[in-house]
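Here is the structure we will look at, set down as structure tokens.
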Amino acid sequence: MQNTIQLAWQLAREESRQTHHRYLHWVLGLLMVFVLTLSQSSLSVQHYLEQNLENLLGADLVVSHTKSLSAEHIQFLEQHSSAVVATQSATTTLSNGSHFQQVKLKAVGQNYPLEGALVVASSLGGSTEHVLSGPSIGEIWLDGRTLASLHMVVGDTVTMAGESLKISKVLIHEPDRLMEGHTVEMRGLINLDTMKLLSLPPEHMAYRYLVAASNQQITTLIDWQKANLPAASVFHKQGAHPLALFWKRTENFMGLTSIILFFMAAIGIEQLSQVQRKKEQVFSAICISLGLTHQNALLVSVVKWALHIVKLTPIVLVISMLFHLGVVYWLGSTFNDLSWEWHGVEWVKVWCCLVAGACVFQLPIWVAVAQSSIRALTHPLQISSKNGLLKLCIVSVICAVAFVYSDNALLTGMVLVSLLICVALILFLSWLSLYLGERATQNLSGIFPFALYMMRQRVLVKSTQILGVGLCTFLLLFTLMLLKDIGASMTSYTREHNGNLLVSQASEAQWQDIRAWTKTQGAEVRQHKSFMYAQLVKVNGLSLDQYDDSPSESLQTLQKSIRLHWSNDVPTNNRVVEGQWWERDTQHWQQVSVEDEVMTDLGLALGDTLVFYINDKPVQFEIVASHVYRAGGGSITFWVQMPASAIAHIDAPHYSMASIELSEEQFGRLGDLWQQHPSIRMVSLSEMAQRFDTILALVTQVVSGISILIIVLAVIVILSSIRGFEADEKKKNSIILSFGFDRKLCLKLNIIEWLVTGGIAALGAIVSTYIAGVLIYQSQFSLVYRPDILWLLGTLLLIMTFVGTLGVYGSKKSLSQSLRHLLAD
Amino acid sequence: MSSNLSRLIQLCGVEQSFSLNNEKTTLFTDASFTIEQGNSYAITGPSGAGKSSLLMLMAGLESPTSGTLQFFEQNKAYEMNKMRHLTGFVFQQFHLLPELTALHNVALPLKLRGEKLADEKALAWLENVGLAHRKNHKPAQLSGGEQQRVAIARALVFEPAFIFADEPTGNLDSNNADDIADVLFRCCEDQGAGLVVVTHSEALAARAQYRVVLSRGQCQFDTKRSGL
């Protein structure tokens with residue numbers, strides 16, 4: 001055993017100097033650093049959330065409802081707690097001359113806050129102070145962003161619904177804000193009595209009851225809420241709070257990215273394994289020829305691999321620690337006071353999982369070693385030997401990663417389907433272009449037809465190389481495309497179909513006034529759709545948390561009230577993909593059509609029953625159809641739709657959504673409408689774009705980081721693919737020299753081959769990116785993907801240049817080959 | 001067939017040596033002889049005597065430590081690199097491209113030269129070496145002797161003036177070796193190409209018109225053929 005380890009150590013040291021092993025270390029190292037940094041950062045955030053929960057939540061339990069609780073309910077709450085504080089909130093619009101801003105307005109009493117500290121400042125940028133209660137009647141506290149947006153300062157007066165409110169403080173921190181969900185909404189705080197004076201419609205209110213309770217009382221209250229207030233939401237410190245859920249989803253998105261990275265690493269390892277397997281098989285054959293057993297050879301190979309991993313570990317440890325430190329610093333703006341912490345046990349666990357993954361990638365080589373024979377020494381091994389096992393191993397590792405991290409099943413599925421399409425397309429394009437290219441040029445003379453001829457003859461080897469380059473390019477383009485196109489597409493699309501002002505919620509009375517206002521102003525209403533609020537409480541008889549506890553996007557939205565639309569016919573911007581839409585004026589009104597992605601995300605099927613709480617009454621529906629968004633008919637679409645005949649049976653307030661096209665001047669006059677109805681929810685396109693830009697900036701930082709990682713991996717994969725076929729290339733170049741040609745011809749041939757490789761790979765990647773764009777944009781963002789042809793052609797040119805240069809640079813070793821090597825062989 | 005038979009390679013006082021760990025090792029000194037197109041030459045000598053190095057020098061692929069090599073065409077002297085396109089090689093390990101069929105391997109140098117009738121000419125050469133019926137077989141499906149025939153056809157298909165063969169029968173049994181030697185010498189003769197063979201085989205060396213013997217650092221040029 002000691003001898004085996006010594007031999008393995010000696011061989012491992014030798015191998016470390018070989019190029020293909022360096023590439024292998026880079027691939028594994030990058031993967032390990034990424035996953036370990038992700039897990040460590042995630043743990044730091046989770047730990048931080050746990051530690052700071054009490055200070056962050058402002059209460060032990062919060063009951064949130066769209067209606068005010070009855071005296072009986074409040075009495076129960078008070079009996080099973082040590083204190084209860086009621087708050088109300090509504091989204092409204094404040095205006096100051098031609099400036100207006102949508103604000104989440106919260107009304108609190110003198111007993112607020114219940115727990116934690118309420119922090120304010122006397123002026124923008126002034127020193128902060130902790131206060132023991134909220135604003136007095138007639139006062140309003142606004143956060144700094146709202147003040148800046150409205151061009152106002154402390155001391156100014158803001159008018160709302162005919163009431164003048166004095167801005168007396170800058171609102172810095174509300175202790176219960178996190179319990180309301182992690183949003184970037186602008187904030188305002190008023191007194192409960194001021195809220196009464198404003199007379200906002202009750203249906204626009206959200207009622208929140210902050211409760212101080214023991215763990216036992218929390219359990220009692222949760223059970224009570226399930227039985228007595230199923231439409232209400234309860235957040236408590238024993239469960240996952242909104243920020244934790246938000247972080248979990250971010251983590252899952254990053255995990256999805258790791259599927260892409262695993263895929264690229266797998267391509268690199270697959271290309272390198274050609275060389276490695278050959279070397280290991282020859283070594284095994286030598287061992288056997290010297291009287292050793294397969295087991296001895298296998299043991300040396302396994303120990304050698306383990307030594308490589310051990311050597312890599314401290315480097316990965318240090319780099320992942322540094323990256324973790326950087327991520328914690330960067331997240332500090334979202335998670336105040338987040339500090340760096342090392343989670344040793346978890347690090348070891350994740351490291352073990354990664355090593356297990358790497359072990360699976362290595363498995364086919366060990367199988368080859370175990371099956372090796374002395375024949376390997378006398379007969380040259382075929383490069384294209386069976387590597388089905390390796391492919392199976394790669395697929396299983398990727399599936400395992402996808403399974404662990406899948407948040408949005410449809411999105412994960414689409415990413416994987418896009419990858420498969422890319423593989424099939426590149427293989428098809430390689431074959432087609434080389435076959436047609438060779439056919440078309442077979443009667444022509446010169447080195448270009450010859451290069452095509454050689455590539456066509458070596459199509460199996462070449463298509464593997466093209467596939468590696470193409471997949472890397474696809475993944476890179478896909479990531480960059482998301483970065484570039486979403487913003488541009490969303491802005492232009494929204495502008496074209498929706499007008500530049502979106503009314504997201506208006507009551508019937510408000511809608512009448514909006515119509516009257518638009519008529520007076522001569523503005524055009526482009527879309528108008530009615531809806532009522534409904535909260536999903538049961539699926540097939542099970543409450544939502546019993547039905548599904550994974551943090552899917554759809555589920556998170558469905559935990560709040562959703563907008564239920566009614567329509568006799570399939571809306572022009574929808575298409576039925578499953579089931580049957582109802583007949584006009586059907587008497588069977590308890591049926592709904594559910595959006596396809598929601599169906600997939602929640603695992604719903606036709607025939608399932610859904611119970612919605614609508615205006616505090618449960619209503620049961622059966623799913624009879626599933627619809628998807630169709631472009632061209634405006635962007636206002638609904639997840640759940642019921643027959644128009646249902647509204648005769650359901651007593652609930654009706655609301656409107658609409659899109660309106662306004663001129664610059666008309667925008668300036670919107671203030672009148674808001675003065676009259678401060679609770680109308682309207683968002684201008686510029687405001688939407690601004691919100692979007694904020695999110696995009698965050699996404700840009702994340703995606704840019706990942707893009708850099710993907711570019712580094714792509715470079716390694718291309719170099720690996722060159723390394724994988726270097727022996728063949730050397731031989732080919734030497735043979736060409738033996739025909740009486742010089743090295744310049746080999747260089748020209750090499751350049752042509754790499755340009756053709758880059759060209760086919762780029763074409764395949766661009767078409768795949770287009771398909772992925774069409775698939776994913778449509779389903780995930782309800783957008784029509786319109787690629788920028790110039791951008792794509794520019795990208796094609798850039799990729800060809802990059803791949804060509806890298807390819808020729810990587811091939812310099814095989815280009816410097818001399819005929820003497822063939823003589824010596 | 002090559003139209004001009006007046007090409008020759010002239011070696012004058014050629015010495016080849018190399019340094020390893022600051023120690024100079026001389027392979028041979030004072031090699032002075034002439035290789036003419038249309039004749040055959042065998043380079044013999046023990047392992048490590050510098051046979052392959054001499055072959056590389058004569059093919060213009062390496063430069064000598066001292067002495068001169070010149071290529072003559074119609075009595076006009078040229079640098080050795082002017083001769084590169086007129087040379088072909090046959091190797092001990094055949095070195096066919098494994099993914100190409102026999103026909104495509106032979107057609108390779110013609111395709112590279114932009115020859116339009118490459119496949120037809122390649123087929124004619126496969127017939128010449130007796131392998132037309134195996135034209136669609138890949139190297140792995142051919143025996144050692146058959147692979148070497150394909151390699152000979154490939155080396156001669158573009159009508160080079162000189163063929164350099166490094167142990168062309170070294171990997172073959174005696175029957176196959178005789179056959180291959182027959183094919184190689186016959187084809188070169190038919191083609192009017194000069195043939196330079198590096199070999200350990202006395203039987204193969206005996207077929208050549210001239211012999212160059214490398215031994216103990218010395219290079220001896222023997223006129224072996226009777227009547228010369």
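Ligands are numbered from 1 in the order shown, residues from 1 within each chain, and chains are lettered A, B, ... in the order they appear in the structure tokens.
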Per residue of chain A within 7 Å of chain B, what are the shortest atom pair and its distance in Å to one decimal, counting only C-alpha atoms, with rows by chain and residue number, as CSV?
residue,atom,partner,partner_atom,distance
A:Asn443,CA,B:Lys116,CA,5.8
A:Leu444,CA,B:Lys116,CA,6.9
A:Ser445,CA,B:Gly114,CA,3.7
A:Gly446,CA,B:Gly114,CA,4.8
A:Ile447,CA,B:Leu112,CA,6.1
A:Phe450,CA,B:Leu112,CA,5.7
A:Gln457,CA,B:Leu100,CA,6.3
A:Arg458,CA,B:Glu99,CA,6.0
A:Ser738,CA,B:Phe89,CA,5.5
A:Phe739,CA,B:Gly88,CA,5.4
A:Gly740,CA,B:His85,CA,4.0
A:Phe741,CA,B:His85,CA,5.8
A:Leu823,CA,B:Phe91,CA,6.5
Which residues are near Gly48 of chain B? Cut-off 12 Å, only C-alpha atoms, ignore same chain within fewer than 4 positions. Put them as a PyMOL selection string. (chain A and resi 824) or (chain B and resi 17+25-28+44+52-54+200+214-217)
Who sits within 7 Å of segment 122-131 of chain B, only C-alpha atoms, same chain under 3 positions skipped, as number ranges by chain: B: 103, 106-107, 118-119, 134-135, 149-150, 153, 157, 183
Have a look at atom CA of Lys278 of chain A and atom CA of Ala368 of chain A and let me know their distance in Å, one decimal. 8.8 Å
Taking into account only C-alpha atoms, which residue in the set A:Glu72, A:Asp60, A:Asp176, A:Glu665 is nearest to Ala212 of chain A? A:Asp60
One number please: atom CA of Leu610 of chain A to atom CA of Asp651 of chain A, in Å, one decimal. 18.2 Å
Would you kindly return, as a ChimeraX atom specification, each protein, DNA or RNA residue with an atom no farther than 8 Å from any atom of segment 298-315 of chain A, considering only C-alpha atoms and excluding same-chain residues fewer than 2 positions away? /A:4-5,7-9,11-12,25,29,280,284,294-296,317-319,355,366,369-370
The selected residues should be written to file as a PDB file, in the first residue's frame (atoms: C-alpha atoms).
ATOM      1  CA  THR A   4       1.270   2.295  -4.219  1.00  0.00           C
ATOM      2  CA  ILE A   5       0.894   5.682  -2.539  1.00  0.00           C
ATOM      3  CA  LEU A   7       4.123   5.582  -6.902  1.00  0.00           C
ATOM      4  CA  ALA A   8       0.831   7.519  -7.138  1.00  0.00           C
ATOM      5  CA  TRP A   9       2.487  10.546  -5.521  1.00  0.00           C
ATOM      6  CA  LEU A  11       3.029  10.060 -10.957  1.00  0.00           C
ATOM      7  CA  ALA A  12       0.720  12.806  -9.671  1.00  0.00           C
ATOM      8  CA  HIS A  25      -7.388  21.639 -12.367  1.00  0.00           C
ATOM      9  CA  GLY A  29     -11.055  24.639  -9.303  1.00  0.00           C
ATOM     10  CA  GLU A 280      -4.167   5.775 -17.962  1.00  0.00           C
ATOM     11  CA  SER A 284      -2.450   0.128 -16.746  1.00  0.00           C
ATOM     12  CA  HIS A 294      -5.827  -4.560 -12.693  1.00  0.00           C
ATOM     13  CA  GLN A 295      -6.563  -3.774  -9.047  1.00  0.00           C
ATOM     14  CA  ASN A 296      -3.032  -2.439  -8.522  1.00  0.00           C
ATOM     15  CA  LEU A 317     -10.252  27.070   0.235  1.00  0.00           C
ATOM     16  CA  VAL A 318      -8.313  30.338   0.143  1.00  0.00           C
ATOM     17  CA  ILE A 319      -9.910  31.650  -3.059  1.00  0.00           C
ATOM     18  CA  VAL A 355     -15.684  15.744  -4.905  1.00  0.00           C
ATOM     19  CA  TRP A 366     -11.337   4.110 -13.985  1.00  0.00           C
ATOM     20  CA  VAL A 369      -8.268   1.310 -16.542  1.00  0.00           C
ATOM     21  CA  ALA A 370     -10.025  -1.734 -15.117  1.00  0.00           C
TER      22      ALA A 370
END
Can you list every residue in segment 68-150 of chain B that DSSP puts in strand (DSSP E or B), as number ranges by chain? B: 68-73, 76-78, 87-90
So that I can see what lies close to segment 114-118 of chain A, please list as a VMD selection string the residues with an atom at most 9 Å from it, counting only C-alpha atoms and leaving out residues fewer than 2 positions away in the same chain. chain A and resid 54 to 60 83 to 85 111 to 112 120 129 to 134 171 to 176 210 to 212
Dump as a short mmCIF file (atom, residue, chain, number, x, y, z; two decimals), in the first residue's frame, selection limited to N, CA, C and O atoms:
data_model
loop_
_atom_site.label_atom_id
_atom_site.label_comp_id
_atom_site.auth_asym_id
_atom_site.auth_seq_id
_atom_site.Cartn_x
_atom_site.Cartn_y
_atom_site.Cartn_z
N GLU A 54 -35.45 39.02 15.43
CA GLU A 54 -36.31 39.77 16.36
C GLU A 54 -36.25 41.26 16.08
O GLU A 54 -37.27 41.94 16.04
N ASN A 55 -35.04 41.76 15.86
CA ASN A 55 -34.92 43.18 15.58
C ASN A 55 -35.53 43.56 14.24
O ASN A 55 -36.00 44.66 14.04
N LEU A 56 -35.50 42.59 13.34
CA LEU A 56 -35.97 42.89 12.00
C LEU A 56 -37.48 42.83 11.86
O LEU A 56 -38.08 43.53 11.07
N LEU A 57 -38.09 41.93 12.64
CA LEU A 57 -39.51 41.68 12.39
C LEU A 57 -40.44 42.69 13.05
O LEU A 57 -41.52 42.95 12.55
N GLY A 58 -40.05 43.23 14.16
CA GLY A 58 -40.89 44.21 14.82
C GLY A 58 -42.07 43.58 15.53
O GLY A 58 -42.91 44.28 16.09
N ALA A 59 -42.18 42.27 15.48
CA ALA A 59 -43.27 41.56 16.16
C ALA A 59 -42.95 40.08 16.16
O ALA A 59 -42.12 39.64 15.38
N ASP A 60 -43.63 39.34 17.05
CA ASP A 60 -43.40 37.89 17.04
C ASP A 60 -44.27 37.23 15.98
O ASP A 60 -43.93 36.18 15.46
N ALA A 83 -49.42 41.63 23.68
CA ALA A 83 -49.79 42.96 23.14
C ALA A 83 -50.15 42.82 21.66
O ALA A 83 -49.61 41.96 20.95
N VAL A 84 -51.07 43.69 21.23
CA VAL A 84 -51.46 43.71 19.81
C VAL A 84 -51.44 45.18 19.33
O VAL A 84 -51.95 46.05 20.02
N VAL A 85 -50.83 45.41 18.19
CA VAL A 85 -50.83 46.76 17.61
C VAL A 85 -51.38 46.67 16.19
O VAL A 85 -50.90 45.85 15.39
N ASN A 111 -49.27 53.50 19.91
CA ASN A 111 -48.63 52.31 20.52
C ASN A 111 -47.62 51.65 19.56
O ASN A 111 -47.06 50.60 19.87
N TYR A 112 -47.41 52.21 18.39
CA TYR A 112 -46.46 51.66 17.42
C TYR A 112 -45.08 52.28 17.68
O TYR A 112 -45.01 53.46 17.97
N VAL A 120 -35.94 57.88 12.67
CA VAL A 120 -36.28 59.00 11.80
C VAL A 120 -35.13 60.00 11.79
O VAL A 120 -34.19 59.89 12.58
N GLU A 129 -32.52 59.54 14.77
CA GLU A 129 -32.90 59.36 16.18
C GLU A 129 -33.96 58.26 16.29
O GLU A 129 -34.71 58.01 15.35
N HIS A 130 -33.97 57.59 17.43
CA HIS A 130 -34.98 56.56 17.69
C HIS A 130 -36.17 57.26 18.34
O HIS A 130 -36.00 58.04 19.26
N VAL A 131 -37.35 56.97 17.85
CA VAL A 131 -38.54 57.58 18.48
C VAL A 131 -39.45 56.48 19.01
O VAL A 131 -39.40 55.34 18.55
N LEU A 132 -40.28 56.82 19.97
CA LEU A 132 -41.08 55.79 20.64
C LEU A 132 -42.48 55.64 20.05
O LEU A 132 -43.20 54.72 20.38
N SER A 133 -42.88 56.61 19.21
CA SER A 133 -44.20 56.48 18.58
C SER A 133 -44.20 57.15 17.22
O SER A 133 -43.26 57.88 16.87
N GLY A 134 -45.29 56.89 16.46
CA GLY A 134 -45.40 57.37 15.10
C GLY A 134 -45.80 58.83 15.02
O GLY A 134 -45.86 59.53 16.04
N LEU A 171 -38.42 59.47 7.18
CA LEU A 171 -38.56 58.10 7.71
C LEU A 171 -37.33 57.28 7.31
O LEU A 171 -37.02 57.15 6.13
N ILE A 172 -36.66 56.75 8.31
CA ILE A 172 -35.44 55.97 8.03
C ILE A 172 -35.69 54.47 8.12
O ILE A 172 -35.33 53.71 7.24
N HIS A 173 -36.33 54.02 9.22
CA HIS A 173 -36.50 52.57 9.40
C HIS A 173 -37.77 52.25 10.18
O HIS A 173 -38.03 52.84 11.22
N GLU A 174 -38.55 51.33 9.63
CA GLU A 174 -39.71 50.82 10.37
C GLU A 174 -39.37 49.38 10.77
O GLU A 174 -38.99 48.59 9.90
N PRO A 175 -39.49 49.04 12.05
CA PRO A 175 -39.01 47.72 12.48
C PRO A 175 -39.79 46.54 11.90
O PRO A 175 -39.26 45.44 11.83
N ASP A 176 -41.04 46.76 11.49
CA ASP A 176 -41.83 45.63 10.99
C ASP A 176 -41.86 45.56 9.47
O ASP A 176 -42.62 44.82 8.88
N LEU A 210 -49.81 43.52 14.53
CA LEU A 210 -48.52 43.08 15.08
C LEU A 210 -48.77 42.51 16.47
O LEU A 210 -49.42 43.15 17.30
N VAL A 211 -48.28 41.30 16.69
CA VAL A 211 -48.60 40.60 17.94
C VAL A 211 -47.32 40.21 18.67
O VAL A 211 -46.39 39.67 18.04
N ALA A 212 -47.25 40.50 19.96
CA ALA A 212 -46.14 40.01 20.78
C ALA A 212 -46.63 38.73 21.46
O ALA A 212 -47.62 38.78 22.20
#
By how many Å are atom CA of Thr441 of chain A and atom CA of Gly764 of chain A apart?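 About the pair atom CA of Thr441 of chain A and atom CA of Gly764 of chain A: they are 22.1 Å apart.
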Between A:Tyr655, A:Ala451, A:Met152, A:Thr609, single out the one closest to Arg681 of chain A, counting only C-alpha atoms.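 The closest residue to Arg681 of chain A is A:Tyr655.
Using only C-alpha atoms, the residues found no farther than 12 Å from Glu73 of chain B, other than those of its own chain fewer than 4 positions away, are Ser3, Asn4, Leu5, Ser6, Arg7, Leu8, Ile9, Gln10, Glu36, Gln37, Ala77, Tyr78, Glu79, Met80, Lys82, Met83, Leu86 and Ala161 of chain B.
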